[in-house]
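Next up, coords_18.txt (compact mmCIF, C-alpha atoms):
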# COMPACT_ATOMS: atom_id res chain seq x y z
CA MET A 1 -27.17 30.97 86.08
CA LYS A 2 -28.13 27.77 84.25
CA GLY A 3 -30.83 27.04 81.74
CA TYR A 4 -31.65 25.09 78.58
CA LEU A 5 -30.30 27.76 76.21
CA PHE A 6 -27.14 28.22 78.20
CA ASP A 7 -26.48 24.47 78.51
CA ASN A 8 -26.95 23.84 74.75
CA THR A 9 -24.75 26.77 73.69
CA GLY A 10 -22.06 26.18 76.28
CA THR A 11 -22.45 29.62 77.82
CA TYR A 12 -22.83 30.57 81.43
CA LEU A 13 -23.49 33.89 83.08
CA THR A 14 -20.71 34.92 85.44
CA GLY A 15 -22.46 37.69 87.28
CA ASN A 16 -20.12 40.32 85.80
CA LEU A 17 -22.52 42.42 83.72
CA ILE A 18 -19.97 43.76 81.21
CA ALA A 19 -18.33 40.35 80.69
CA ASP A 20 -21.75 38.68 80.29
CA ILE A 21 -22.89 41.29 77.73
CA ASP A 22 -19.65 40.89 75.74
CA MET A 23 -19.96 37.10 75.86
CA MET A 24 -23.60 37.22 74.68
CA PHE A 25 -22.71 39.68 71.88
CA ASP A 26 -19.84 37.43 70.70
CA LYS A 27 -22.07 34.35 70.82
CA LYS A 28 -24.76 36.18 68.81
CA GLN A 29 -22.19 37.19 66.16
CA GLU A 30 -20.94 33.61 65.99
CA TYR A 31 -24.45 32.27 65.37
CA ILE A 32 -25.17 34.96 62.77
CA ALA A 33 -22.01 33.90 60.90
CA ILE A 34 -23.07 30.22 61.10
CA ARG A 35 -26.56 31.09 59.83
CA ASN A 36 -25.12 33.06 56.89
CA ARG A 37 -22.74 30.24 55.99
CA LEU A 38 -25.56 27.69 56.11
CA SER A 39 -27.80 29.96 54.01
CA ARG A 40 -25.10 30.15 51.33
CA GLN A 41 -24.72 26.37 51.39
CA VAL A 42 -28.47 25.89 50.99
CA SER A 43 -28.52 28.33 48.06
CA ASP A 44 -25.62 26.50 46.42
CA LEU A 45 -27.37 23.15 46.93
CA ARG A 46 -30.60 24.48 45.42
CA ALA A 47 -28.71 25.72 42.35
CA HIS A 48 -26.93 22.37 42.03
CA VAL A 49 -30.17 20.38 42.33
CA SER A 50 -31.86 22.67 39.82
CA SER A 51 -29.09 22.14 37.26
CA LYS A 52 -29.17 18.38 37.79
CA SER A 53 -32.95 18.43 37.44
CA LEU A 54 -32.63 19.99 33.97
CA GLU A 55 -29.98 17.45 33.06
CA MET A 56 -32.22 14.57 34.16
CA ASP A 57 -35.16 15.99 32.19
CA VAL A 58 -32.98 16.15 29.07
CA PHE A 59 -31.92 12.52 29.46
CA ARG A 60 -35.50 11.39 30.21
CA THR A 61 -36.62 13.07 26.98
CA MET A 62 -33.82 11.37 25.03
CA GLU A 63 -34.81 8.05 26.54
CA ALA A 64 -38.42 8.58 25.44
CA TYR A 65 -37.27 9.12 21.84
CA LEU A 66 -34.87 6.17 21.97
CA GLU A 67 -37.82 3.94 22.85
CA ASP A 68 -39.51 4.59 19.50
CA GLU A 69 -43.01 3.11 19.14
CA ASN A 70 -42.57 2.05 15.49
CA ALA A 71 -38.97 0.83 15.37
CA LEU A 72 -37.84 -2.75 15.88
CA LYS A 73 -34.60 -1.58 17.44
CA THR A 74 -32.87 1.66 18.37
CA ILE A 75 -29.10 2.10 18.42
CA ALA A 76 -27.64 5.21 20.04
CA SER A 77 -24.32 6.22 18.51
CA ARG A 78 -23.70 9.48 20.40
CA ILE A 79 -25.30 11.23 23.38
CA SER A 80 -23.99 14.52 24.76
CA PHE A 81 -25.08 17.20 27.20
CA GLU A 82 -23.59 20.68 27.45
CA SER A 83 -24.90 24.01 28.73
CA GLY A 84 -28.45 22.77 29.23
CA VAL A 85 -28.74 21.25 25.74
CA GLY A 86 -28.64 17.56 24.91
CA ASN A 87 -27.78 16.09 21.52
CA SER A 88 -28.12 12.53 20.33
CA PHE A 89 -27.45 10.70 17.09
CA TYR A 90 -29.20 7.38 16.89
CA TYR A 91 -30.40 4.80 14.38
CA LEU A 92 -33.90 3.41 14.10
CA ILE A 93 -34.32 0.00 12.48
CA PHE A 94 -37.70 -0.68 10.86
CA GLU A 95 -39.09 -3.84 9.34
CA GLY A 96 -39.43 -3.77 5.56
CA ASP A 97 -38.98 -0.60 3.56
CA ASN A 98 -41.33 1.49 5.72
CA THR A 99 -39.84 4.30 7.75
CA TYR A 100 -41.63 6.63 10.13
CA PHE A 101 -40.85 9.99 11.65
CA PRO A 102 -39.37 9.44 15.14
CA SER A 103 -42.21 9.04 17.60
CA PRO A 104 -41.45 8.46 21.28
CA LEU A 105 -43.12 5.60 23.08
CA THR A 106 -43.84 7.78 26.13
CA THR A 107 -44.51 11.50 26.46
CA PRO A 108 -41.20 13.43 26.54
CA THR A 109 -40.44 15.63 29.54
CA LEU A 110 -39.04 18.53 27.48
CA LEU A 111 -39.53 19.85 23.98
CA ALA A 112 -37.24 18.20 21.46
CA ARG A 113 -36.34 18.62 17.82
CA PRO A 114 -35.74 15.33 16.00
CA SER A 115 -34.30 15.59 12.47
CA VAL A 116 -34.08 12.64 10.10
CA ARG A 117 -30.62 12.73 8.47
CA GLY A 118 -31.03 9.77 6.13
CA ASN A 119 -32.66 6.44 5.31
CA LEU A 120 -31.09 3.23 4.03
CA ASP A 121 -32.83 0.01 2.89
CA PHE A 122 -31.35 -3.48 3.40
CA ALA A 123 -32.59 -6.01 0.82
CA GLU A 124 -36.21 -5.00 1.44
CA LEU A 125 -36.02 -6.67 4.89
CA TYR A 126 -35.07 -3.72 7.02
CA SER A 127 -34.79 0.04 6.82
CA LEU A 128 -32.26 2.07 8.76
CA GLN A 129 -32.92 5.70 9.66
CA LEU A 130 -30.36 8.12 11.15
CA VAL A 131 -31.89 10.67 13.53
CA ASP A 132 -30.30 13.80 15.03
CA LEU A 133 -32.15 14.74 18.22
CA LYS A 134 -31.74 18.08 20.01
CA VAL A 135 -33.29 18.50 23.47
CA GLY A 136 -33.30 21.59 25.64
CA ASP A 137 -32.87 25.19 24.55
CA LEU A 138 -34.60 25.31 21.15
CA ASP A 139 -34.41 29.11 20.73
CA GLU A 140 -31.36 29.02 18.45
Can I see the file as structure tokens?
Amino acid sequence: MKGYLFDNTGTYLTGNLIADIDMMFDKKQEYIAIRNRLSRQVSDLRAHVSSKSLEMDVFRTMEAYLEDENALKTIASRISFESGVGNSFYYLIFEGDNTYFPSPLTTPTLLARPSVRGNLDFAELYSLQLVDLKVGDLDE
């Protein structure tokens, strides 16, 4: 017997009822195993994409803070990401002796905790500010 399902699965009925039932049962078990394997792969891919999504959100938030709206220039000295938390040390350079609390140019994706670690003036022309930025899990 021929048909669409039989042609696409490579199975054919032989006319021997017991052999055909065994063949169909084996084919069904084979497809169940394939479905289970593919389901596991999809679950693993979803978990991987989810973790990368968090990582990208952390880096987008850091980028928003590095593009400070008041600073003339921003210099990143260290950026790290571990266990869902991103850390960055960076310098903000301001004109004159005015310094401002870090304010991102765009709206950050995630909550962040910027901490000013110090300020330094250069001959009343520029001010340098060191900022420690933590992005991600802020429950600690």
Calculated over all atoms listed in the file, which of the candidates A:Ser50, A:Thr9, A:Lys73, A:Gly15 has the smallest distance to Lys28 of chain A?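 Going through A:Ser50, A:Thr9, A:Lys73, A:Gly15 one by one, the smallest distance to Lys28 of chain A is for A:Thr9.
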Correct to one decimal, the distance atom CA of Val49 of chain A-atom CA of Thr61 of chain A is 18.2 Å
Atom CA of Thr11 of chain A to atom CA of Asn36 of chain A measures 21.4 Å
At a cut-off of 12 Å, using all atoms listed in the file, what residues contact Pro102 of chain A? Leave out same-chain residues fewer than 4 positions from it and give the result as an mmCIF file with C-alpha atoms, in the coordinates of the input.
data_model
loop_
_atom_site.group_PDB
_atom_site.id
_atom_site.type_symbol
_atom_site.label_atom_id
_atom_site.label_comp_id
_atom_site.auth_asym_id
_atom_site.auth_seq_id
_atom_site.Cartn_x
_atom_site.Cartn_y
_atom_site.Cartn_z
ATOM 1 C CA MET A 62 -33.820 11.370 25.030
ATOM 2 C CA ALA A 64 -38.420 8.580 25.440
ATOM 3 C CA TYR A 65 -37.270 9.120 21.840
ATOM 4 C CA LEU A 66 -34.870 6.170 21.970
ATOM 5 C CA GLU A 67 -37.820 3.940 22.850
ATOM 6 C CA ASP A 68 -39.510 4.590 19.500
ATOM 7 C CA GLU A 69 -43.010 3.110 19.140
ATOM 8 C CA ASN A 70 -42.570 2.050 15.490
ATOM 9 C CA ALA A 71 -38.970 0.830 15.370
ATOM 10 C CA THR A 74 -32.870 1.660 18.370
ATOM 11 C CA TYR A 90 -29.200 7.380 16.890
ATOM 12 C CA TYR A 91 -30.400 4.800 14.380
ATOM 13 C CA LEU A 92 -33.900 3.410 14.100
ATOM 14 C CA ILE A 93 -34.320 0.000 12.480
ATOM 15 C CA PHE A 94 -37.700 -0.680 10.860
ATOM 16 C CA THR A 106 -43.840 7.780 26.130
ATOM 17 C CA ALA A 112 -37.240 18.200 21.460
ATOM 18 C CA ARG A 113 -36.340 18.620 17.820
ATOM 19 C CA PRO A 114 -35.740 15.330 16.000
ATOM 20 C CA SER A 115 -34.300 15.590 12.470
ATOM 21 C CA VAL A 116 -34.080 12.640 10.100
ATOM 22 C CA ARG A 117 -30.620 12.730 8.470
ATOM 23 C CA GLN A 129 -32.920 5.700 9.660
ATOM 24 C CA LEU A 130 -30.360 8.120 11.150
ATOM 25 C CA VAL A 131 -31.890 10.670 13.530
ATOM 26 C CA ASP A 132 -30.300 13.800 15.030
ATOM 27 C CA LEU A 133 -32.150 14.740 18.220
#
Using all atoms listed in the file, the best pick from A:Glu63, A:Arg46, A:Gly86, A:Ser53 as closest to Ser103 of chain A would be A:Glu63
Quiz item: How many Å separate atom CA of Leu13 of chain A from atom CA of Tyr31 of chain A?
Solution: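 One can read the atom CA of Leu13 of chain A to atom CA of Tyr31 of chain A distance as 17.8 Å.
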Nearest to Leu125 of chain A, restricted to all atoms listed in the file and choosing among A:Asn8, A:Leu54, A:Ala47, A:Thr99, comes out as A:Thr99
_From A:Gly118, A:Phe59, A:Glu95, A:Thr14, residue lying nearest Ile79 of chain A [all atoms listed in the file]_ =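 Of A:Gly118, A:Phe59, A:Glu95, A:Thr14, the one nearest Ile79 of chain A is A:Phe59, counting all atoms listed in the file.
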From the list A:Tyr12, A:Gly96, A:Ser39, A:Lys52, the nearest residue to Lys27 of chain A using all atoms listed in the file is A:Tyr12
| request: Using all atoms listed in the file, pick whichever of A:Asp57, A:Arg40, A:Leu45, A:Arg35 has the shortest atom-to-atom distance to Thr107 of chain A. | output: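 Nearest to Thr107 of chain A: A:Asp57.
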| said: Residues near Glu124 of chain A, anyone? I mean within 8 Å using only C-alpha atoms, not counting same-chain ones fewer than 3 positions away, as a list in words. | reply: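 So, after excluding close chain neighbours, the residues are Gly96, Asp97, Asp121 and Ser127 of chain A.
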